Every structure is written in structure tokens, then in C-alpha cells.
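Below: model.csv (CSV, C-alpha atoms)
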```csv
chain,number,residue,atom,x,y,z
Q,187,MET,CA,-101.8,21.0,5.8
Q,188,SER,CA,-101.1,19.5,9.2
Q,189,THR,CA,-98.4,20.2,11.8
Q,190,ASN,CA,-97.7,18.1,15.0
Q,191,GLY,CA,-101.2,16.6,14.5
Q,192,LYS,CA,-102.9,20.0,14.4
Q,193,THR,CA,-105.0,20.7,11.3
Q,194,SER,CA,-104.7,24.0,9.5
Q,195,ARG,CA,-108.3,24.8,10.6
Q,196,ILE,CA,-107.4,24.4,14.2
Q,197,LEU,CA,-104.3,26.5,13.8
Q,198,GLN,CA,-106.4,29.4,12.7
Q,199,PHE,CA,-108.0,29.5,16.1
Q,200,MET,CA,-104.7,29.1,18.1
Q,201,ALA,CA,-103.2,32.2,19.7
Q,202,PRO,CA,-99.6,33.0,18.6
Q,203,ASP,CA,-98.2,31.9,22.0
Q,204,GLU,CA,-99.9,28.5,21.7
Q,205,ARG,CA,-98.4,28.1,18.2
Q,206,ARG,CA,-94.9,28.9,19.6
Q,207,GLN,CA,-95.5,26.4,22.4
Q,208,PHE,CA,-95.9,23.7,19.8
Q,209,GLY,CA,-92.8,24.8,17.9
Q,210,ILE,CA,-94.9,25.8,14.9
Q,211,GLU,CA,-93.4,28.2,12.3
Q,212,THR,CA,-96.3,29.5,10.4
Q,213,PRO,CA,-96.5,31.0,6.9
Q,214,PHE,CA,-97.2,34.4,8.3
Q,215,HIS,CA,-94.1,34.1,10.6
Q,216,ARG,CA,-91.9,33.3,7.6
Q,217,LEU,CA,-93.4,36.1,5.6
Q,218,ALA,CA,-92.8,38.6,8.4
Q,219,LEU,CA,-89.1,38.0,8.3
Q,220,GLN,CA,-88.9,39.8,5.0
Q,221,MET,CA,-91.2,42.7,5.9
Q,222,GLN,CA,-90.6,46.1,7.3
Q,223,ASP,CA,-92.0,47.2,10.7
Q,224,ILE,CA,-93.5,50.6,9.8
Q,225,LEU,CA,-94.7,51.6,13.3
Q,226,GLY,CA,-91.9,50.1,15.4
Q,227,ASP,CA,-94.2,48.0,17.5
Q,228,GLY,CA,-94.5,45.0,15.2
Q,229,GLY,CA,-98.2,45.7,14.7
Q,230,ILE,CA,-98.0,46.5,11.0
Q,231,LEU,CA,-95.5,44.9,8.7
Q,232,LYS,CA,-95.1,45.8,5.1
Q,233,GLU,CA,-93.5,44.4,1.9
Q,234,VAL,CA,-93.4,46.5,-1.2
Q,235,VAL,CA,-94.0,44.3,-4.2
Q,236,HIS,CA,-94.2,47.0,-6.8
Q,237,ALA,CA,-93.1,50.6,-6.0
Q,238,GLY,CA,-95.3,53.6,-6.8
Q,239,GLU,CA,-94.5,57.1,-7.9
Q,240,GLY,CA,-95.0,60.6,-6.5
Q,241,PRO,CA,-95.9,61.6,-3.0
Q,242,PRO,CA,-97.5,59.2,-0.4
Q,243,VAL,CA,-101.2,59.2,0.2
Q,244,PRO,CA,-102.1,62.3,2.4
Q,245,LYS,CA,-104.0,62.0,5.6
Q,246,HIS,CA,-107.4,63.2,4.5
Q,247,ALA,CA,-107.3,61.8,0.9
Q,248,SER,CA,-109.9,60.0,-1.0
Q,249,VAL,CA,-108.4,56.8,-2.5
Q,250,SER,CA,-109.2,54.3,-5.1
Q,251,ILE,CA,-107.7,50.9,-4.2
Q,252,HIS,CA,-107.8,47.2,-5.0
Q,253,PHE,CA,-107.4,45.0,-1.9
Q,254,SER,CA,-107.8,41.5,-0.7
Q,255,GLY,CA,-107.7,40.2,2.9
Q,256,PHE,CA,-106.5,36.7,3.8
Q,257,LEU,CA,-106.4,34.6,6.9
Q,258,GLU,CA,-103.4,32.4,7.5
Q,259,TYR,CA,-103.6,29.0,5.7
Q,260,SER,CA,-106.2,30.3,3.3
Q,261,ASP,CA,-105.9,31.1,-0.4
Q,262,THR,CA,-109.4,32.5,-0.6
Q,263,PRO,CA,-109.8,36.1,0.5
Q,264,PHE,CA,-112.5,36.9,3.1
Q,265,GLU,CA,-113.0,40.2,1.4
Q,266,THR,CA,-111.8,41.6,-1.9
Q,267,THR,CA,-112.4,44.2,-4.6
Q,268,SER,CA,-110.8,42.1,-7.3
Q,269,HIS,CA,-114.2,41.6,-9.0
Q,270,LEU,CA,-114.5,45.4,-9.5
Q,271,LYS,CA,-113.0,47.0,-12.6
Q,272,TYR,CA,-113.3,50.4,-11.1
Q,273,PRO,CA,-113.5,50.4,-7.3
Q,274,ARG,CA,-115.2,53.4,-5.7
Q,275,MET,CA,-113.3,56.2,-4.0
Q,276,MET,CA,-113.0,55.8,-0.3
Q,277,LYS,CA,-112.5,58.7,2.1
Q,278,LEU,CA,-109.8,58.1,4.7
Q,279,GLY,CA,-111.1,58.5,8.3
Q,280,ARG,CA,-114.6,57.6,7.1
Q,281,ASP,CA,-114.9,54.8,4.6
Q,282,VAL,CA,-111.8,52.8,5.4
Q,283,THR,CA,-112.8,51.0,8.6
Q,284,LEU,CA,-109.8,48.8,9.2
Q,285,TYR,CA,-107.3,50.9,11.4
Q,286,GLY,CA,-104.2,49.1,10.1
Q,287,LEU,CA,-105.3,49.4,6.5
Q,288,GLU,CA,-105.7,53.2,6.8
Q,289,LEU,CA,-102.3,53.5,8.5
Q,290,GLY,CA,-100.8,51.3,5.8
Q,291,LEU,CA,-102.3,53.4,3.0
Q,292,LEU,CA,-100.5,56.5,4.4
Q,293,THR,CA,-97.2,54.9,3.5
Q,294,MET,CA,-98.2,54.1,-0.1
Q,295,LYS,CA,-97.8,56.0,-3.4
Q,296,LYS,CA,-99.9,56.0,-6.5
Q,297,GLY,CA,-99.4,52.8,-8.5
Q,298,GLU,CA,-97.8,50.9,-5.6
Q,299,PHE,CA,-98.7,47.3,-4.8
Q,300,SER,CA,-97.8,46.1,-1.3
Q,301,ARG,CA,-98.5,43.4,1.2
Q,302,PHE,CA,-99.3,44.1,4.9
Q,303,LEU,CA,-99.5,41.9,7.9
Q,304,PHE,CA,-101.8,43.4,10.5
Q,305,LYS,CA,-101.7,42.1,14.1
Q,306,PRO,CA,-105.1,41.9,16.0
Q,307,LYS,CA,-104.6,45.3,17.5
Q,308,TYR,CA,-104.7,46.9,14.1
Q,309,ALA,CA,-107.1,44.5,12.5
Q,310,TYR,CA,-110.1,42.8,14.1
Q,311,GLY,CA,-109.0,42.8,17.8
Q,312,ASP,CA,-109.2,40.1,20.4
Q,313,LEU,CA,-112.7,38.9,19.4
Q,314,GLY,CA,-112.3,38.8,15.7
Q,315,CYS,CA,-115.3,39.2,13.4
Q,316,PRO,CA,-117.4,35.9,13.5
Q,317,PRO,CA,-118.0,33.9,11.5
Q,318,HIS,CA,-115.2,34.8,9.1
Q,319,ILE,CA,-112.4,36.2,11.3
Q,320,PRO,CA,-111.3,34.1,14.3
Q,321,PRO,CA,-110.2,35.7,17.6
Q,322,LEU,CA,-106.7,37.2,17.8
Q,323,ALA,CA,-106.3,36.8,14.1
Q,324,THR,CA,-103.3,38.3,12.2
Q,325,VAL,CA,-104.5,39.1,8.7
Q,326,LEU,CA,-102.7,39.6,5.4
Q,327,TYR,CA,-103.8,42.3,3.0
Q,328,GLU,CA,-102.6,42.8,-0.5
Q,329,VAL,CA,-103.2,46.4,-1.5
Q,330,GLN,CA,-102.8,48.4,-4.8
Q,331,VAL,CA,-103.3,52.2,-4.9
Q,332,LEU,CA,-104.9,53.0,-8.2
Q,333,ASP,CA,-105.3,56.7,-7.6
Q,334,PHE,CA,-106.0,59.3,-4.8
Q,335,LEU,CA,-107.0,62.9,-4.4
Q,336,ASP,CA,-106.3,65.2,-1.5
Q,337,SER,CA,-109.8,66.5,-0.6
Q,338,ALA,CA,-108.9,68.0,2.8
Q,339,GLN,CA,-109.4,71.6,1.6
Q,340,VAL,CA,-112.8,70.8,0.1
Q,341,ASP,CA,-113.9,69.0,3.2
Q,342,GLU,CA,-112.9,72.0,5.4
Q,343,PHE,CA,-114.6,74.4,3.0
Q,344,LEU,CA,-117.9,72.5,3.0
Q,345,ASP,CA,-117.9,72.4,6.8
Q,346,LEU,CA,-118.0,76.3,6.8
Q,347,SER,CA,-121.2,78.3,7.1
Q,348,MET,CA,-122.5,80.2,4.1
Q,349,ASP,CA,-121.0,83.5,5.4
Q,350,GLU,CA,-117.7,81.8,6.2
Q,351,GLN,CA,-117.5,80.3,2.7
Q,352,ASN,CA,-118.1,83.8,1.1
Q,353,SER,CA,-115.3,85.3,3.2
Q,354,VAL,CA,-112.6,83.0,1.9
Q,355,SER,CA,-110.3,84.4,-0.8
Q,356,LEU,CA,-111.1,83.9,-4.5
Q,357,SER,CA,-107.9,81.9,-5.0
Q,358,THR,CA,-108.9,79.4,-2.2
Q,359,PHE,CA,-112.4,79.2,-3.6
Q,360,LEU,CA,-111.1,78.4,-7.1
Q,361,ASN,CA,-108.8,75.7,-5.6
Q,362,VAL,CA,-111.9,74.1,-4.0
Q,363,LEU,CA,-113.6,74.2,-7.4
Q,364,ASP,CA,-110.6,72.7,-9.2
Q,365,THR,CA,-110.5,69.9,-6.7
Q,366,GLN,CA,-114.2,69.2,-7.1
Q,367,ARG,CA,-113.7,69.0,-10.9
Q,368,SER,CA,-110.7,66.7,-10.6
Q,369,PHE,CA,-112.7,64.5,-8.2
Q,370,GLY,CA,-115.6,64.4,-10.6
Q,371,ASN,CA,-113.4,63.7,-13.6
Q,372,LEU,CA,-111.8,60.8,-11.7
Q,373,CYS,CA,-115.2,59.3,-11.0
Q,374,PHE,CA,-116.2,59.9,-14.6
Q,375,ASN,CA,-113.1,58.2,-16.0
Q,376,LYS,CA,-113.9,55.2,-13.7
Q,377,LYS,CA,-117.4,55.1,-15.1
Q,378,HIS,CA,-118.9,56.1,-11.7
Q,379,TYR,CA,-121.2,58.6,-13.4
Q,380,GLU,CA,-123.6,59.1,-10.5
Q,381,ASP,CA,-120.7,60.1,-8.3
Q,382,ALA,CA,-119.3,62.4,-11.0
Q,383,ARG,CA,-122.6,64.1,-11.4
Q,384,GLU,CA,-122.9,64.8,-7.7
Q,385,ARG,CA,-119.4,66.4,-7.6
Q,386,TYR,CA,-120.2,68.6,-10.6
Q,387,LYS,CA,-123.6,69.6,-9.2
Q,388,GLN,CA,-122.0,70.4,-5.8
Q,389,ALA,CA,-119.5,72.7,-7.5
Q,390,MET,CA,-122.3,74.4,-9.4
Q,391,THR,CA,-124.2,75.0,-6.2
Q,392,LEU,CA,-121.0,76.6,-4.7
Q,393,LEU,CA,-120.7,78.8,-7.7
Q,394,GLN,CA,-124.3,80.0,-7.5
Q,395,ASN,CA,-124.1,80.7,-3.7
Q,396,ARG,CA,-120.9,82.8,-4.0
Q,397,GLU,CA,-121.4,86.5,-3.3
Q,398,LEU,CA,-119.6,88.4,-6.1
Q,399,VAL,CA,-117.2,91.2,-5.1
Q,400,ASP,CA,-116.7,92.9,-8.5
Q,401,ASP,CA,-117.0,92.4,-12.2
Q,402,GLU,CA,-113.6,90.7,-12.5
Q,403,GLU,CA,-114.7,88.0,-10.0
Q,404,LYS,CA,-118.0,87.7,-11.8
Q,405,GLN,CA,-116.1,87.0,-15.1
Q,406,ARG,CA,-113.8,84.5,-13.5
Q,407,LEU,CA,-116.6,82.5,-12.0
Q,408,GLU,CA,-118.6,82.6,-15.2
Q,409,GLU,CA,-115.6,81.1,-16.9
Q,410,MET,CA,-115.4,78.4,-14.2
Q,411,LYS,CA,-119.1,77.4,-14.8
Q,412,LEU,CA,-118.4,76.3,-18.3
Q,413,PRO,CA,-116.4,73.1,-17.7
Q,414,PHE,CA,-118.9,72.0,-15.0
Q,415,LEU,CA,-121.8,72.6,-17.4
Q,416,LEU,CA,-120.1,70.7,-20.2
Q,417,ASN,CA,-119.1,67.9,-17.8
Q,418,LEU,CA,-122.7,67.7,-16.5
Q,419,SER,CA,-124.0,67.6,-20.1
Q,420,LEU,CA,-121.7,64.7,-21.0
Q,421,THR,CA,-122.4,62.9,-17.7
Q,422,TYR,CA,-126.1,63.0,-18.2
Q,423,LEU,CA,-125.6,61.7,-21.7
Q,424,LYS,CA,-123.7,58.7,-20.2
Q,425,LEU,CA,-126.5,58.2,-17.8
Q,426,GLU,CA,-128.9,58.0,-20.8
Q,427,LYS,CA,-130.7,61.2,-19.9
Q,428,PRO,CA,-130.5,63.3,-23.1
Q,429,GLN,CA,-133.0,65.9,-22.1
Q,430,LYS,CA,-130.9,66.9,-19.1
Q,431,ALA,CA,-127.8,66.7,-21.2
Q,432,LEU,CA,-129.3,69.1,-23.6
Q,433,CYS,CA,-130.4,71.4,-20.8
Q,434,TYR,CA,-126.9,71.8,-19.4
Q,435,GLY,CA,-125.5,72.0,-22.9
Q,436,GLN,CA,-127.7,74.9,-23.7
Q,437,LYS,CA,-126.6,76.6,-20.5
Q,438,ALA,CA,-123.0,76.3,-21.6
Q,439,LEU,CA,-124.0,77.7,-25.0
Q,440,ASP,CA,-125.5,80.7,-23.3
Q,441,ILE,CA,-122.0,81.6,-21.9
Q,442,LYS,CA,-120.9,81.8,-25.6
Q,443,LEU,CA,-117.4,80.5,-25.0
Q,444,PHE,CA,-117.4,77.0,-26.4
Q,445,PHE,CA,-119.4,74.5,-28.5
Q,446,PRO,CA,-119.5,70.9,-27.3
Q,447,LEU,CA,-120.1,68.4,-30.1
Q,448,PHE,CA,-122.0,66.1,-27.8
Q,449,PHE,CA,-125.1,68.4,-27.9
Q,450,ASN,CA,-125.6,67.0,-31.3
Q,451,GLU,CA,-125.5,63.5,-29.9
Q,452,ALA,CA,-128.1,64.4,-27.3
Q,453,CYS,CA,-130.4,65.7,-30.1
Q,454,LEU,CA,-129.9,62.5,-32.1
Q,455,GLU,CA,-130.9,60.5,-29.1
Q,456,MET,CA,-134.2,62.3,-29.1
Q,457,SER,CA,-134.5,62.2,-32.9
Q,458,ASP,CA,-134.5,66.0,-33.0
Q,459,TYR,CA,-132.7,66.2,-36.3
Q,460,GLU,CA,-133.4,69.9,-37.0
Q,461,LYS,CA,-131.8,71.0,-33.8
Q,462,ALA,CA,-128.9,68.6,-34.3
Q,463,GLN,CA,-128.4,70.2,-37.8
Q,464,ASP,CA,-128.4,73.7,-36.2
Q,465,TYR,CA,-125.8,72.8,-33.6
Q,466,LEU,CA,-123.5,71.2,-36.2
Q,467,THR,CA,-123.9,74.1,-38.6
Q,468,LEU,CA,-122.9,76.4,-35.9
Q,469,ALA,CA,-119.9,74.3,-35.0
Q,470,GLN,CA,-118.8,74.0,-38.6
Q,471,ALA,CA,-118.9,77.8,-39.0
Q,472,LYS,CA,-116.4,78.0,-36.2
Q,473,LYS,CA,-114.3,75.1,-37.3
Q,474,PRO,CA,-115.0,74.4,-41.0
Q,475,PHE,CA,-112.2,71.8,-41.4
Q,476,ASP,CA,-112.8,69.9,-38.2
Q,477,PRO,CA,-112.9,66.1,-39.2
Q,478,ASP,CA,-115.1,65.3,-36.1
Q,479,ILE,CA,-117.8,67.8,-37.2
Q,480,ASN,CA,-117.8,66.5,-40.7
Q,481,THR,CA,-118.1,62.9,-39.5
Q,482,LEU,CA,-121.1,63.9,-37.3
Q,483,LEU,CA,-122.7,65.7,-40.3
Q,484,LYS,CA,-122.5,62.4,-42.2
Q,485,LYS,CA,-123.9,60.5,-39.3
Q,486,LEU,CA,-126.7,63.0,-39.0
Q,487,ALA,CA,-127.5,62.7,-42.7
Q,488,PHE,CA,-127.6,58.9,-42.5
Q,489,CYS,CA,-129.9,59.0,-39.4
Q,490,TYR,CA,-132.2,61.5,-41.0
Q,491,LYS,CA,-132.4,59.4,-44.2
Q,492,ASP,CA,-133.1,56.3,-42.2
Q,493,TYR,CA,-135.8,58.2,-40.3
Q,494,LEU,CA,-137.5,59.4,-43.6
Q,495,ASP,CA,-137.3,55.9,-45.1
Q,496,LYS,CA,-139.2,54.5,-42.1
Q,497,GLU,CA,-141.7,57.3,-42.3
Q,498,ARG,CA,-142.4,56.5,-46.0
Q,499,ALA,CA,-142.7,52.8,-45.2
Q,500,MET,CA,-145.2,53.4,-42.4
Q,501,CYS,CA,-147.3,55.8,-44.6
Q,502,SER,CA,-147.2,53.2,-47.4
Q,503,LYS,CA,-148.6,50.6,-45.1
Q,504,MET,CA,-151.3,52.9,-43.7
Q,505,PHE,CA,-152.6,53.8,-47.2
Q,506,SER,CA,-152.1,50.5,-49.0
Q,507,GLY,CA,-155.8,49.6,-48.5
Q,508,PHE,CA,-157.0,52.6,-50.5
Q,509,LYS,CA,-155.4,51.3,-53.8
```
Starting from the file, lay out its structure as C-alpha cells.
Amino acid sequence: MSTNGKTSRILQFMAPDERRQFGIETPFHRLALQMQDILGDGGILKEVVHAGEGPPVPKHASVSIHFSGFLEYSDTPFETTSHLKYPRMMKLGRDVTLYGLELGLLTMKKGEFSRFLFKPKYAYGDLGCPPHIPPLATVLYEVQVLDFLDSAQVDEFLDLSMDEQNSVSLSTFLNVLDTQRSFGNLCFNKKHYEDARERYKQAMTLLQNRELVDDEEKQRLEEMKLPFLLNLSLTYLKLEKPQKALCYGQKALDIKLFFPLFFNEACLEMSDYEKAQDYLTLAQAKKPFDPDINTLLKKLAFCYKDYLDKERAMCSKMFSGFK
């Protein structure tokens, strides 16, 4: 594209006043006419392409977003997450480094897709970010909020000393644990298993460090341990660490509240067919008509038969020379 003899590449490095001097109406200028000024100073303009649902992103949330940043006259983004199926969670105030993007996210809802124009003050400033961002660049960002979680209470709790953590009410402590579990589940569902594991383990550490007031609180916290142990067991299974999966599964069994079927899968991974049989027999005693358990029993029988066939074939080869 060329305008008044100026190439599109040159236009990228021209200040807005210089463009107006040449009478140039730029693509960003035309786009701005249909956008909303969300701060009142013209620094951040927004266009909602697809509306979201629920409350807006809170100030201290952790967010999962897709975004792409563009310079004017360029169809190729200078940064993007479009190649990621499950982008990682980012903490506002820490991981989101572009000031305008953080302010823009606070106006968005879950599922929303919007476009933003950020003036230099809210983007890369007077100097830009060489070699990709020229000086005084207004940038376009296309942003989609996939999910978010308000982690402010957890962050505040983790900043407390051990004594201060033990002094908070049980209800507040349980809320912190619920948020940690939700955070871990969110990471797990997006296949970020290492992040999920760290959230679950952090919650287990909090549970172990809690000074118990009475037997009722002890019972409540024992019940809270179970989902974290089960989640850790399944997470380690996804991380292809069946020994650790079995370890956490056994801890969950010790609580004697629930039986997770994936203990059997961990045993199968290690070819421990007798222990897998024990787990499935115990599960079947509790739920004799459960189709999943019956399916796993058939799988176990098939795996064990295959194992025995291989053993026989190996022995046959070993002793074939004695015939």
C-alpha cells in the first residue's frame, strides 16, 4: 500500500501528527471511529466482537486468554498465542506486562472476544520495542478470554506468616483450599499437568501445616484431603509416573471414604496384576453392577492373559535347546 508517495513501511515510523499533516486517514483511524473509549482519554479504545457472560475479570485474577498483537498495515502479528491450544494462566499485575492489555482485560467477561487499540502511553511508549515495535506505535490487540479465576484471597493468605495463617477462620481456610482445587482443576483440564500438580501439592502443604482446634475441624480437613489426594494420583498418572500415582492413591484409600478406579490403571502400568485385581475386587464389592468396574476387570483379564502368553513363549524359547 502507498499513500501520497509514502510506503506502508515508512508510515509505520511516522508519528500521528505527521500522518495528519499529509492528510492520511489510516486503517487504525477508521477502526477507532467504531470503538469505545473505555478510559475517557482516548488511550484505550475497545470494540466487542463477541460478548461474554457473567461478571468481568476481577483485579487480581489469573486469566487464560488468546491474544494477537498487530502493527498498523501488517496482517502478521508481532506476538500471538494462536499456536497454543491451551494457553497458560497469567496472573494480572505480574504476568501481563502490557499496561493497556491489563486494563482492557478488566473490562472483559468469560468467553468475550474484543479488539483494542492501545496508544503508545498504554503500549510500548515513545521508544517502542526495537526491532519489532517502532517508536510511538499504536497497536491493535485481538483478545479472547477463555477463563479466569479470582485468586486474590489465596494470594493474600499465602503472604501471611504461619501463625497468621493458623489464626484465620476455618471458613476462610476452606475457601482458600477450594480456590486452589479449582485452580488446579482448571490447569488439569487444559492439560497443564505440572501446574495442576503444584496447586494440589500446595494445598496439601497448607492442610498439613494447619493447627487443628478440635475433632470437628480435624474431620473436616481429613475430608478435604481426599479430593487433593485423588487429583494428585490422577495427575501423576497423566505425567506417566505410576509409582507416585499409586502412592497418593493409597493415601486416599487410607482415609476409607472413596475408591478411585484409576488405582487399577496405575497398577496395570507397572504390570502389578495381583494388586490391580485386589483393587478391582474391592471396588466391585462396593458397586457390583458398575459397568466401568466390569469393563476394567475384562481389561485386566486380557492384560494378564497376554502377560502369561508372553511368559510361556519366552520359556519355550529358553528351553527349546534341551529337546
Checklist entry - Please, what distance in Å, to one decimal, runs between atom CA of Q:Leu332 and atom CA of Q:Ser250? => result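 Interatomic distance here is 5.5 Å.
Computed from the coordinates, the atom CA of Q:Lys376 to atom CA of Q:Leu425 distance equals 13.6 Å.
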Checklist entry - With all atoms listed in the file as the atoms that count, which of Q:Lys271, Q:Lys307, Q:Lys245, Q:Arg498 lies nearest to Q:Gly229? => result Q:Lys307
Checklist entry - Expressed in Å to a single decimal, how great is the separation between atom CA of Q:Val282 and atom CA of Q:Ile251? => result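 Those two atoms sit 10.6 Å apart.
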Next on the checklist: Could you list, as JSON, numbers by chain, every residue within 9 Å of stretch 213-219 of chain Q, counting all atoms listed in the file and ignoring same-chain residues fewer than 6 positions away?
Outcome noted: {"Q": [231, 232, 233, 258, 259, 303, 324, 325, 326]}
Checklist entry - Hey, which of Q:Cys373, Q:Cys433, Q:Ala469, Q:Ala462 ends up closest to Q:Lys485? Count only C-alpha atoms. => result Q:Ala462
Checklist entry - For Q:Pro306, which of Q:Leu292, Q:Leu398, Q:Pro321, Q:Met348 is the closest residue, counting all atoms listed in the file? => result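 Under the stated criterion, the closest residue is Q:Pro321.
Take the candidates Q:Tyr386, Q:His318, Q:Lys411, Q:Glu342 and check each one against Q:Thr262 using only C-alpha atoms; the shortest distance goes to Q:His318.
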Next on the checklist: Using all atoms listed in the file, can you tell me which of Q:Thr365, Q:Gln429, Q:Ser355, Q:Gln470 comes closest to Q:Glu397?
Outcome noted: Q:Ser355
Next on the checklist: Just checking: using only C-alpha atoms, which residue out of Q:Lys277, Q:Lys437, Q:Lys430, Q:Lys461 ends up closest to Q:Arg383?
Outcome noted: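 Distance minimum relative to Q:Arg383 lands on Q:Lys430.
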